[in-house]
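Undergrad: Below you will find the structure I want to go over with you.
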Amino acid sequence: MANVMFIQEPEKQKPAKPSMHAFLELGFRPLYIAGCAWALISVALWVFAPQWLNMHMGALAWHAHEMLWGFIATIAVGFLLTASATWTGLNPMKGTPLAVLALLWAMARLLYLFSEPILFILAGAVETLFFLSTFIALWRVINRTRNRRNYGLPWLALGLGMANVLYLYAAWHHDYAALMHYFTIGLIGMAIIALLVARRVIPFFAMRALPGLSLPMLTGWGQAQLGLGLLAIATGLVNLPRLTALLLASAGLISLYQVIRWKPGAILSKPILWILYLGYAFLGLGLVVAGLWLAGWTPNVLSRTALPAHVIGMGGFALLIIGMVTRTALGHLGRPLKLDHSMIASYWLMVFAVVLRMTALWPSPLALFLVHAAAACWVLSLALYLWRFVPMLIRPRPNAIP
């Protein structure tokens with residue numbers, strides 16, 4: 001009688017359980033979750049429940065501060081702490097120190113919501129410790145490995161923290177002119193970090209995703225762009241607006257030139273790439289707009305201070321962020337670089353949020369409706385990201401599961 005062979009289907013591997021060790025393994029894990037969740041909550045409060053906002057620095061100053069330093073800078077710190085581990089081979093912060101860093105961030109977010117002056121001072125102190133700790137962690141591994149290419153990054157992160165201190169000082173004295181001045185300095189500083197990092201990774205990501213695609217790194221143009229940005233900060237600090245305007249517009253035009261040289265037509269079928277291209281282009285356009293605005297060359301209907309901040313902040317940073325927190329999380333978690341429907345939906349919702357918010361800057365009876373619609377798209381985009389990625393970010397990499 002012939003032997004009967006039974007073939008047993010292999011069991012599907014169950015996902016690992018959430019792990020605090022894995023969660024605190026690299027900076028992007030807690031800080032991507034924290035930054036995106038806070039961006040969702042703070043915008044929902046600002047747009048849909050402003051009556052609840054009664055903090056010491058004032059609601060408008062709080063909104064600007066939390067978008068730049070509470071959201072955008074937080075994602076940047078998470079990325080830099082993670083990327084520097086790849087660049088140097090040394091993890092700058094993990095485990096308990098990373099947990100403390102995240103706790104400092106959370107304390108600042110909470111304390112800023114109160115109206116008591118002493119809590120505002122305490123919030124500023126712990127937030128300053130957040131940026132100082134980031135600087136020390138980055139400088140330690142980059143200096144130890146003599147990673148000369150990245151020597152400037154810790155100092156840029158520290159400069160972002162110093163701009164925050166100046167902004168908070170102006171908020172303490174309710175000096176609106178100084179407040180906007182230091183916000184602009186912080187915005188330019190963050191733009192330099194974003195340009196420096198994105199200029200390196202976007203062509204690299206594109207060539208990895210599309211075999212046979214050859215893109216120039218444009219290193220010389222990037223160095224010129226960095227120099228122009230640093231000079232823009234210096235001239236901004238000494239209040240030379242016309243020169244700052246020229247420097248910003250020049251850096252922005254270089255960004256647009258870089259995007260054209262990176263063959264954007266080749267990546268239109270890859271959402272994981274075009275979202276980064278679009279964000280980088282918006283960032284360049286935003287710097288040009290900021291230059292025109294500083295020089296007083298914008299039409300009266302578009303002369304509001306919100307214009308450059310939103311073109312750079314939403315069009316540039318937000319699109320780059322939703323693309324980067326997806327692409328880098330998948331990569332560092334050891335997962336295929338493929339987007340599901342929820343991830344692509346989060347991209348389109350963020351694009352809609354940008355378009356609606358830009359349209360709302362033009363005075364019209366629909367402006368308030370457009371702001372609410374933009375906020376709804378923003379909240380849904382980040383909610384989809386959190387829904388899909390939080391379960392991944394709190395668990396070990398699949399290839400780390402026994």
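Simple scheme: letters A, B, ... for chains in structure tokens order, numbers from 1 for residues in each chain, numbers from 1 for ligands in the order shown.
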From a DSSP pass on the backbone, collect the residues of range 4-59 of chain A flagged as alpha helix (DSSP H) and hand them back as number ranges by chain.

TA: A: 20-23, 28-48, 59

Undergrad: Keeping N, CA and C atoms for every residue in the selection just given, could you write it to a file as a short mmCIF file (atom, residue, chain, number, x, y, z; two decimals), in the first residue's frame?

TA:
```
data_model
loop_
_atom_site.label_atom_id
_atom_site.label_comp_id
_atom_site.auth_asym_id
_atom_site.auth_seq_id
_atom_site.Cartn_x
_atom_site.Cartn_y
_atom_site.Cartn_z
N MET A 20 8.79 47.44 24.94
CA MET A 20 9.39 48.72 25.32
C MET A 20 10.83 48.81 24.84
N HIS A 21 11.53 47.67 24.84
CA HIS A 21 12.90 47.66 24.35
C HIS A 21 12.95 48.06 22.88
N ALA A 22 12.05 47.48 22.06
CA ALA A 22 12.00 47.82 20.64
C ALA A 22 11.55 49.27 20.44
N PHE A 23 10.57 49.70 21.22
CA PHE A 23 10.03 51.05 21.09
C PHE A 23 11.10 52.11 21.34
N PHE A 28 13.50 57.45 15.99
CA PHE A 28 12.31 57.67 15.17
C PHE A 28 11.07 57.03 15.75
N ARG A 29 11.22 55.95 16.52
CA ARG A 29 10.04 55.22 17.00
C ARG A 29 9.17 56.09 17.92
N PRO A 30 9.68 56.57 19.06
CA PRO A 30 8.79 57.39 19.90
C PRO A 30 8.52 58.77 19.32
N LEU A 31 9.50 59.37 18.64
CA LEU A 31 9.34 60.76 18.22
C LEU A 31 8.47 60.91 16.98
N TYR A 32 8.45 59.93 16.08
CA TYR A 32 7.51 59.99 14.97
C TYR A 32 6.07 59.90 15.48
N ILE A 33 5.85 59.00 16.42
CA ILE A 33 4.50 58.87 16.99
C ILE A 33 4.12 60.16 17.71
N ALA A 34 5.02 60.66 18.56
CA ALA A 34 4.73 61.85 19.36
C ALA A 34 4.48 63.06 18.47
N GLY A 35 5.37 63.30 17.51
CA GLY A 35 5.24 64.47 16.64
C GLY A 35 3.96 64.45 15.81
N CYS A 36 3.67 63.31 15.21
CA CYS A 36 2.47 63.23 14.36
C CYS A 36 1.19 63.30 15.18
N ALA A 37 1.19 62.65 16.35
CA ALA A 37 -0.01 62.70 17.20
C ALA A 37 -0.26 64.13 17.69
N TRP A 38 0.82 64.83 18.05
CA TRP A 38 0.64 66.20 18.54
C TRP A 38 0.22 67.14 17.42
N ALA A 39 0.74 66.93 16.22
CA ALA A 39 0.31 67.75 15.08
C ALA A 39 -1.18 67.59 14.84
N LEU A 40 -1.67 66.37 14.97
CA LEU A 40 -3.11 66.11 14.82
C LEU A 40 -3.91 66.83 15.91
N ILE A 41 -3.50 66.63 17.17
CA ILE A 41 -4.25 67.18 18.31
C ILE A 41 -4.20 68.71 18.32
N SER A 42 -3.01 69.28 18.12
CA SER A 42 -2.87 70.73 18.25
C SER A 42 -3.61 71.48 17.15
N VAL A 43 -3.60 70.95 15.92
CA VAL A 43 -4.35 71.61 14.84
C VAL A 43 -5.85 71.47 15.08
N ALA A 44 -6.29 70.31 15.55
CA ALA A 44 -7.71 70.14 15.87
C ALA A 44 -8.15 71.14 16.94
N LEU A 45 -7.32 71.35 17.95
CA LEU A 45 -7.63 72.34 18.98
C LEU A 45 -7.67 73.75 18.39
N TRP A 46 -6.65 74.09 17.61
CA TRP A 46 -6.51 75.44 17.08
C TRP A 46 -7.67 75.81 16.17
N VAL A 47 -8.12 74.88 15.34
CA VAL A 47 -9.15 75.18 14.34
C VAL A 47 -10.56 74.93 14.87
N PHE A 48 -10.76 73.81 15.57
CA PHE A 48 -12.12 73.41 15.94
C PHE A 48 -12.51 73.74 17.38
N ALA A 59 -2.79 82.28 22.07
CA ALA A 59 -3.15 81.16 21.20
C ALA A 59 -2.42 81.19 19.86
#
```

Undergrad: Quick one: everything within 9 Å of Leu319 in chain A, counting only C-alpha atoms, minus sequence neighbours fewer than 3 positions away in the same chain. Send it as a JSON list (two decimals) with N, CA, C and O atoms, in the first residue's frame.

TA:
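Saved the output as part_29.json:
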```
[["chain", "number", "residue", "atom", "x", "y", "z"],
["A", 275, "ILE", "N", 5.73, 62.25, -3.42],
["A", 275, "ILE", "CA", 5.38, 63.08, -2.26],
["A", 275, "ILE", "C", 6.61, 63.84, -1.76],
["A", 275, "ILE", "O", 6.51, 65.01, -1.34],
["A", 276, "LEU", "N", 7.79, 63.20, -1.84],
["A", 276, "LEU", "CA", 9.03, 63.86, -1.41],
["A", 276, "LEU", "C", 9.45, 64.93, -2.41],
["A", 276, "LEU", "O", 9.87, 66.02, -2.02],
["A", 278, "LEU", "N", 7.43, 66.59, -4.35],
["A", 278, "LEU", "CA", 6.48, 67.69, -4.23],
["A", 278, "LEU", "C", 6.79, 68.55, -3.00],
["A", 278, "LEU", "O", 6.75, 69.79, -3.07],
["A", 279, "GLY", "N", 7.09, 67.90, -1.89],
["A", 279, "GLY", "CA", 7.44, 68.65, -0.68],
["A", 279, "GLY", "C", 8.69, 69.48, -0.86],
["A", 279, "GLY", "O", 8.76, 70.64, -0.42],
["A", 280, "TYR", "N", 9.71, 68.91, -1.52],
["A", 280, "TYR", "CA", 10.95, 69.64, -1.75],
["A", 280, "TYR", "C", 10.71, 70.84, -2.66],
["A", 280, "TYR", "O", 11.26, 71.93, -2.43],
["A", 282, "PHE", "N", 7.87, 72.47, -3.01],
["A", 282, "PHE", "CA", 7.12, 73.46, -2.23],
["A", 282, "PHE", "C", 8.05, 74.20, -1.27],
["A", 282, "PHE", "O", 7.87, 75.41, -1.03],
["A", 313, "GLY", "N", 5.77, 75.83, 5.62],
["A", 313, "GLY", "CA", 5.41, 74.90, 6.68],
["A", 313, "GLY", "C", 4.50, 73.77, 6.24],
["A", 313, "GLY", "O", 4.77, 72.60, 6.51],
["A", 314, "MET", "N", 3.41, 74.11, 5.53],
["A", 314, "MET", "CA", 2.49, 73.07, 5.07],
["A", 314, "MET", "C", 2.93, 72.47, 3.74],
["A", 314, "MET", "O", 3.07, 71.26, 3.60],
["A", 315, "GLY", "N", 3.17, 73.34, 2.75],
["A", 315, "GLY", "CA", 3.54, 72.83, 1.45],
["A", 315, "GLY", "C", 4.88, 72.12, 1.47],
["A", 315, "GLY", "O", 5.05, 71.06, 0.83],
["A", 316, "GLY", "N", 5.86, 72.68, 2.20],
["A", 316, "GLY", "CA", 7.18, 72.08, 2.23],
["A", 316, "GLY", "C", 7.33, 71.03, 3.31],
["A", 316, "GLY", "O", 7.42, 69.83, 3.03],
["A", 322, "ILE", "N", 5.21, 63.71, 5.84],
["A", 322, "ILE", "CA", 4.35, 62.55, 5.67],
["A", 322, "ILE", "C", 5.02, 61.52, 4.76],
["A", 322, "ILE", "O", 4.81, 60.31, 4.92],
["A", 323, "GLY", "N", 5.85, 62.00, 3.83],
["A", 323, "GLY", "CA", 6.61, 61.07, 3.00],
["A", 323, "GLY", "C", 7.76, 60.42, 3.74],
["A", 323, "GLY", "O", 7.98, 59.21, 3.64],
["A", 324, "MET", "N", 8.49, 61.21, 4.54],
["A", 324, "MET", "CA", 9.66, 60.69, 5.23],
["A", 324, "MET", "C", 9.29, 59.75, 6.38],
["A", 324, "MET", "O", 9.95, 58.74, 6.59],
["A", 347, "TYR", "N", -1.24, 60.41, 2.01],
["A", 347, "TYR", "CA", -0.53, 61.35, 1.15],
["A", 347, "TYR", "C", -1.50, 62.33, 0.49],
["A", 347, "TYR", "O", -1.31, 63.54, 0.51],
["A", 350, "MET", "N", -3.04, 64.84, 2.80],
["A", 350, "MET", "CA", -2.12, 65.94, 3.14],
["A", 350, "MET", "C", -1.99, 66.91, 1.97],
["A", 350, "MET", "O", -1.93, 68.13, 2.18],
["A", 351, "VAL", "N", -1.97, 66.40, 0.74],
["A", 351, "VAL", "CA", -1.94, 67.29, -0.43],
["A", 351, "VAL", "C", -3.19, 68.15, -0.47],
["A", 351, "VAL", "O", -3.13, 69.37, -0.70],
["A", 354, "VAL", "N", -2.97, 70.93, 2.07],
["A", 354, "VAL", "CA", -2.10, 72.01, 1.61],
["A", 354, "VAL", "C", -2.84, 72.90, 0.61],
["A", 354, "VAL", "O", -2.84, 74.14, 0.73]]
```

Undergrad: Within 12 Å of range 161-173 of chain A, which residues of range 186-288 of chain A come that close, and what is the closest atom pair and distance in Å for each? Count only C-alpha atoms and give it as a tab-separated table.

TA:
```
residue	atom	partner	partner_atom	distance
A:Gly186	CA	A:Ala163	CA	5.3
A:Leu187	CA	A:Ala163	CA	9.1
A:Ile188	CA	A:Ala163	CA	10.1
A:Gly189	CA	A:Ala163	CA	8.4
A:Met190	CA	A:Ala163	CA	10.1
A:Ile233	CA	A:Ala163	CA	10.3
A:Gly236	CA	A:Ala163	CA	11.7
A:Leu237	CA	A:Ala163	CA	10.1
```

Undergrad: What does the distance between CA of Val289 in chain A and CA of Pro308 in chain A come to in Å, to one decimal place?

TA: 5.8 Å

Undergrad: Leaving out Gly89 in chain A and any residue of its chain fewer than 4 positions from it, which residues lie within 12 Å of it when counting only C-alpha atoms, given as a PyMOL selection string?

TA: chain A and resi 81-85+141-142+144-147

Undergrad: Next, the residues of the selection above should be written as a CSV table (one decimal), in the first residue's frame with all heavy atoms.

TA:
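See part.csv below for the written result:
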```
chain,number,residue,atom,x,y,z
A,81,LEU,N,18.4,61.5,14.9
A,81,LEU,CA,18.9,60.5,15.9
A,81,LEU,C,19.0,59.1,15.2
A,81,LEU,O,19.8,58.3,15.6
A,81,LEU,CB,18.0,60.5,17.1
A,81,LEU,CG,18.0,61.7,18.0
A,81,LEU,CD1,17.0,61.6,19.1
A,81,LEU,CD2,19.4,61.9,18.6
A,82,THR,N,18.1,58.9,14.3
A,82,THR,CA,18.1,57.6,13.6
A,82,THR,C,19.1,57.5,12.5
A,82,THR,O,19.9,56.6,12.4
A,82,THR,CB,16.7,57.3,13.1
A,82,THR,OG1,15.7,57.3,14.1
A,82,THR,CG2,16.6,55.9,12.4
A,83,ALA,N,19.1,58.6,11.7
A,83,ALA,CA,20.0,58.6,10.5
A,83,ALA,C,21.5,58.6,11.0
A,83,ALA,O,22.3,58.0,10.4
A,83,ALA,CB,19.7,59.8,9.6
A,84,SER,N,21.8,59.3,12.1
A,84,SER,CA,23.1,59.4,12.6
A,84,SER,C,23.7,58.0,13.0
A,84,SER,O,24.9,57.8,12.9
A,84,SER,CB,23.3,60.4,13.7
A,84,SER,OG,22.4,60.1,14.8
A,85,ALA,N,22.8,57.2,13.4
A,85,ALA,CA,23.2,55.8,13.8
A,85,ALA,C,23.6,55.0,12.5
A,85,ALA,O,24.6,54.3,12.6
A,85,ALA,CB,22.0,55.0,14.4
A,141,VAL,N,28.4,61.2,18.8
A,141,VAL,CA,28.7,60.1,17.8
A,141,VAL,C,29.3,60.6,16.6
A,141,VAL,O,30.2,59.9,16.0
A,141,VAL,CB,27.4,59.3,17.5
A,141,VAL,CG1,26.8,58.6,18.7
A,141,VAL,CG2,26.3,60.2,16.9
A,142,ILE,N,29.0,61.8,16.1
A,142,ILE,CA,29.5,62.3,14.9
A,142,ILE,C,31.0,62.7,15.1
A,142,ILE,O,31.9,62.5,14.3
A,142,ILE,CB,28.7,63.5,14.4
A,142,ILE,CG1,27.4,63.0,13.8
A,142,ILE,CG2,29.4,64.3,13.3
A,142,ILE,CD1,26.4,64.1,13.4
A,144,ARG,N,33.0,61.5,17.6
A,144,ARG,CA,33.7,60.3,17.9
A,144,ARG,C,34.2,59.5,16.7
A,144,ARG,O,35.3,59.0,16.6
A,144,ARG,CB,32.9,59.4,18.8
A,144,ARG,CG,33.6,58.1,19.3
A,144,ARG,CD,32.7,57.4,20.2
A,144,ARG,NE,33.2,56.1,20.5
A,144,ARG,CZ,32.6,55.2,21.3
A,144,ARG,NH1,31.5,55.4,21.8
A,144,ARG,NH2,33.2,54.0,21.5
A,145,THR,N,33.3,59.5,15.6
A,145,THR,CA,33.6,58.8,14.4
A,145,THR,C,34.3,59.6,13.3
A,145,THR,O,34.5,59.2,12.2
A,145,THR,CB,32.4,58.1,13.8
A,145,THR,OG1,31.4,59.1,13.6
A,145,THR,CG2,31.8,57.1,14.8
A,146,ARG,N,34.5,60.9,13.7
A,146,ARG,CA,35.1,61.9,12.7
A,146,ARG,C,34.3,61.9,11.4
A,146,ARG,O,34.9,61.9,10.4
A,146,ARG,CB,36.6,61.5,12.4
A,146,ARG,CG,37.5,61.5,13.6
A,146,ARG,CD,37.6,63.0,14.2
A,146,ARG,NE,38.6,63.1,15.2
A,146,ARG,CZ,38.3,63.0,16.5
A,146,ARG,NH1,37.0,62.9,16.9
A,146,ARG,NH2,39.2,63.1,17.4
A,147,ASN,N,33.0,62.0,11.6
A,147,ASN,CA,32.1,62.0,10.5
A,147,ASN,C,32.0,63.4,10.0
A,147,ASN,O,31.0,64.1,10.2
A,147,ASN,CB,30.7,61.4,10.9
A,147,ASN,CG,29.8,61.1,9.7
A,147,ASN,OD1,29.0,61.9,9.3
A,147,ASN,ND2,29.9,59.9,9.2
```
